[in-house]
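Participant: Handing you this structure, nothing more for now.
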Amino acid sequence: MFETLTDRFDGIFTRLRGRGRLGDAEVAEVLREIRVALLEADVSLEVVRDLIERIRLRCSGAELSKSLTPSQQVIKVVNEELTATLGGEAFRLAYASRPPTVVLLAGLQGSGKTTAAAKLARWFKQQGRHPLLVGADLQRPAAVEQLRVLGRTVGAAVFSEPSDPVEVARHGVAEAERVGRDVVIVDTAGRLTIDEALMDEVRRVSEAVKPDYTFLVVDAMTGQDAVRTARAFHDTLALDGVVLTKIDGDARGGAALSVKQVVGRPIAFVSTGERPEDFETFHPDRMASRILGMGDVLTLIERAEQEYDEDVAAKAMDRLRSGRFTLEDFHEQLQQMKRMGPLSSVLGMLPGMPKEVRNAQIDDRDVTRIEAIIRSMTAAEREDPAMINGSRRSRIASGSGTTTTDVNNLLRQFKEMQRLIRTPAMAGMLARPGGRKQKKRGGRVTPSLKDAGSLN
Amino acid sequence: MTVVLVVVIVLLLVLLSAGTVVTVRRRQADADGAAPAGLRRRRAPEAGAEPPSRPTGVAGAEPGAPPAGEVVGPPGSEAARPEAPVREAAEPGAALAEEAAAGAGPPRLRDRLGRARDLFGSSLAGLRSRGRVDEAAFEDLEEALLLADVGLPTAGRLLDALREQVRAGQVEDSPDAMVAALRADIAGLFDGEDRSLGRAAEGTTVWLFVGVNGVGKTTTIGKLAAAEARAGRRVVLAAGDTFRAAAGEQLELWAERSGAGIVRGAEGADPSSVIFDAVQHAAARGADLVLADTAGRLHTKVNLMDELAKVRRIADRPPGHVSEVLLVLDATTGQNGLVQARQFAEAVDVTGVVLTKLDGTAKGGIVLAIRAELGLPIKLVGLGEGAADLVAFDPEDFVSALFE
């Protein structure tokens, strides 16, 4: 059963291995799969079309014949194209020669502008600047109040007045000049692009303050609408960059690619959580992997680092290596793993998982069931499951509110896992503390159990 | 940390295989029982029946919520308001549906969306000009569906079914007929939905609003409060978002606008206790309904989802009865909307969806997948930031707008 899984890790490329050249038909098939992946990731249809065409051109003919692993070459090209589209030059903020540097935030309702404004203020402070926040959202109930509270939290002053957004913005900049603030961050109300009056209003705000930077704030979970919205704001305001929010979720974030492609301005910042410090500059390569569904290994590592207790993990390693991994150990590790989030989302971060595996949906209820079963066992039973006979199984089943079938399944799966741990390939992987990570750009980032020691 | 990664992967593989086995079994059972996979419990309609008792789970795990709520109603709201006659609805239903039926109140979805008279809509203009039903025509249809965020899997299923219908001669081989059939199929996905908003026969009805950050939970509550007030019913708002800056202030402004009472807690207070207090407050004053706000949260945050499950449990303690758990979903959301719905349904047993911001350019097509795969009814649609901008969901109008 695990052999089947490792085979499937290679997904659609398995049967292409060993071929010297990639013909047009194979490339087309690969690209079909890529198209599916990109659409699932919410990349805009027109951007997908564009991208696939560019990749097809790059993949045809001469370039591939040099490669020893043609299938890997295709993926490499895809990853490069995505990274290039997302990156290009990294965003560098250049301060205005005459302060203050004015930053304007715009976007749809609920995209996260106000929170981003406060985080930006904090970021500027870390750069040694003295920002002033201007609350020009007079539309949303208590929006200014929200900004004031956030301002207090990050230690930045907030200016607002109950007039109208254009006046507030104008007076805000004047105020910054008066008191010597060198950065002004103007928060505006969320608005629909088809609301002519409000789009005109934000244009007037922009004209009034002449921002040095206009950022479109985009929610990472936005779907096909991202392109329409980005275009409309860009036409109205001439954007300088994008702030991508809520990427701590599990949305693949194709909107980032779409917006970048259509607007042609860099993604300047990403918001990675609800706390003020959850704000950083953008990493194109990480995002590329995530969009492609190749697994955000770095995020996985990060989450594991944050939530998984190191000592508990080290202990698990010892026991796995020595082949003495018991149900007790399994239960303990489960507790740690659960802290990393819904398991289906953690699974989604594993690189190289073909669709069937990703879609298999680990049900967290199954995990609860497994835990209950283990808890209903005695210490001796957890230590030595072989002793669990029929009557014990019944007892465990009724004690945990499950069925004997469930108990049998768990015991069988666990035995299978123990067998797997003792196979040479697995032993190889387990035996190397800190083995090398085979993260070729675009290459197979899969923890293939056949490749002993490919994981860092 | 490499160690951890290896361990994690191994464990996941085990669980995955174990889980797959169990899942397969359950899916077969579901297929027999004809219940949509993922919908754990089907709520029985509450036509005057005893509210179903809820399993209390681990006894004593949650102490009775300590009073932490601070009651802030609009000044003089209790004394000044005349005893409004309580209108008995013929069956549980939103004030909105009643208003729509009475011909008054918020307009229908189609009016607000400026529905195209045209069968095709702008996204299918190319198709009509084809005149032939070939694979390219199906590609046009697929494109229109994808642009509406319907998603590949659902679009695929719909178009496969359509192909079959055309092949079997059930649908005429012309673009007109195809589009009409597709629209009917999509609208048909919503057949048999119970879109009513449930009210408890006894005790205090609680409607809980959940969802990720920024979708419009608070605004939706405000609009509903206004609608209920128009229908002459007493509402109490529970400021269960104790995390976000000025969330309580925002809700309070809505309370003022609609004349609803509101119960708030200190910032950072336990949301469960605030909502509990609101229920007590409502019960003591004979209010019909508690609309409970919660903080936006990403479904990937385990501790926050656990907190939400606890909020629901406590809100459901007598005299409170959680008749609706409404997932508020932003129409601009892409495929992640399905994941959100799945996770929230898992955590708190969602009873229906509110689709917001449909007045923009986004089509909200992800609700097709949510309906098809999770069986969740779409109950309400938000169409703006004003108090009247909330309507009942109408499948026909929605489908028309899908192809605008």
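By convention in this document, the chains of the structure tokens carry letters A, B, ... by their order, each chain's residues are numbered from 1, and ligands are numbered from 1 in the order they are shown.
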Contacts of region 299-312 of chain B at 8 Å or less, counting only C-alpha atoms, minus same-chain residues fewer than 5 places along, as a list in words?
Facilitator: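 Neighbouring residues, sequence-local ones excluded: Gly249, Asp250, Lys338, Arg339, Met340, Gly341, Pro342 and Ser345 of chain A; Leu208, Val212, Pro271, Ser272, Ile275, Val322, Gln340, Gln343, Phe344, Ala347 and Val348 of chain B.
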Participant: Those same residues - C-alpha atoms - I'd like them written as a compact mmCIF listing (two decimals), in the first residue's frame.
Facilitator:
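Listed below is the output, part32.txt:
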# COMPACT_ATOMS: atom_id res chain seq x y z
CA GLY A 249 -4.84 30.63 5.19
CA ASP A 250 -4.68 27.71 2.80
CA LYS A 338 -2.93 18.29 15.40
CA ARG A 339 -1.46 21.55 16.56
CA MET A 340 -0.30 22.18 13.04
CA GLY A 341 -3.80 22.70 11.83
CA PRO A 342 -6.43 20.69 10.03
CA SER A 345 -4.35 21.46 5.03
CA LEU B 208 -24.75 32.55 15.01
CA VAL B 212 -13.24 34.06 7.79
CA PRO B 271 -16.87 35.42 23.30
CA SER B 272 -18.88 32.53 24.71
CA ILE B 275 -23.12 35.55 23.82
CA VAL B 322 -29.01 27.93 18.16
CA GLN B 340 -13.89 27.19 4.17
CA GLN B 343 -14.06 23.22 7.65
CA PHE B 344 -16.65 25.46 9.25
CA ALA B 347 -16.46 22.56 13.35
CA VAL B 348 -19.85 24.11 14.05
Participant: Determine, counting only C-alpha atoms, which protein, DNA and RNA residues have an atom within 12 Å of an atom of Arg32 (chain A); residues of the same chain fewer than 6 positions away are not included. Present the result as a list in words.
Facilitator: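 Returned residues: Ile12, Ala25, Glu26, Leu38, Leu39, Val48, Arg49, Leu51, Ile52, Glu53, Ile55 and Arg56 of chain A.
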Participant: Write a file of the selected residues as a PDB file, in the first residue's frame, keeping C-alpha atoms.
Facilitator:
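File result_24.pdb, as written:
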ATOM      1  CA  ILE A  12       1.738  12.149 -14.080  1.00  0.00           C
ATOM      2  CA  ALA A  25       1.888  15.304 -27.129  1.00  0.00           C
ATOM      3  CA  GLU A  26       3.531  14.671 -23.778  1.00  0.00           C
ATOM      4  CA  LEU A  38      -3.495  26.773 -11.884  1.00  0.00           C
ATOM      5  CA  LEU A  39      -7.264  27.059 -12.221  1.00  0.00           C
ATOM      6  CA  VAL A  48      -3.498  30.759 -17.309  1.00  0.00           C
ATOM      7  CA  ARG A  49      -3.881  30.817 -21.057  1.00  0.00           C
ATOM      8  CA  LEU A  51       1.236  31.263 -19.143  1.00  0.00           C
ATOM      9  CA  ILE A  52       0.540  27.885 -20.689  1.00  0.00           C
ATOM     10  CA  GLU A  53       1.338  29.281 -24.109  1.00  0.00           C
ATOM     11  CA  ILE A  55       5.575  27.476 -21.279  1.00  0.00           C
ATOM     12  CA  ARG A  56       4.630  25.440 -24.308  1.00  0.00           C
TER      13      ARG A  56
END
Participant: Using only C-alpha atoms, determine which residues lie at most 10 Å from Thr405 (chain A), disregarding the query and same-chain residues fewer than 3 positions distant; provide the list as number ranges by chain.
Facilitator: A: 393-394, 397, 402, 408-411; B: 22
Participant: Which residue out of B:Ser129, B:Asn336, B:Thr220, B:Ser123 has the minimum interatomic distance to chain A when only C-alpha atoms are used?
Facilitator: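 Ranking B:Ser129, B:Asn336, B:Thr220, B:Ser123 by distance to chain A, first place goes to B:Asn336.
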Participant: Between B:Ala246, B:Val133, B:Leu158, B:Glu172, which one has atoms that come closest to Thr114 (chain A), using only C-alpha atoms?
Facilitator: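 Distance minimum relative to Thr114 (chain A) lands on B:Ala246.
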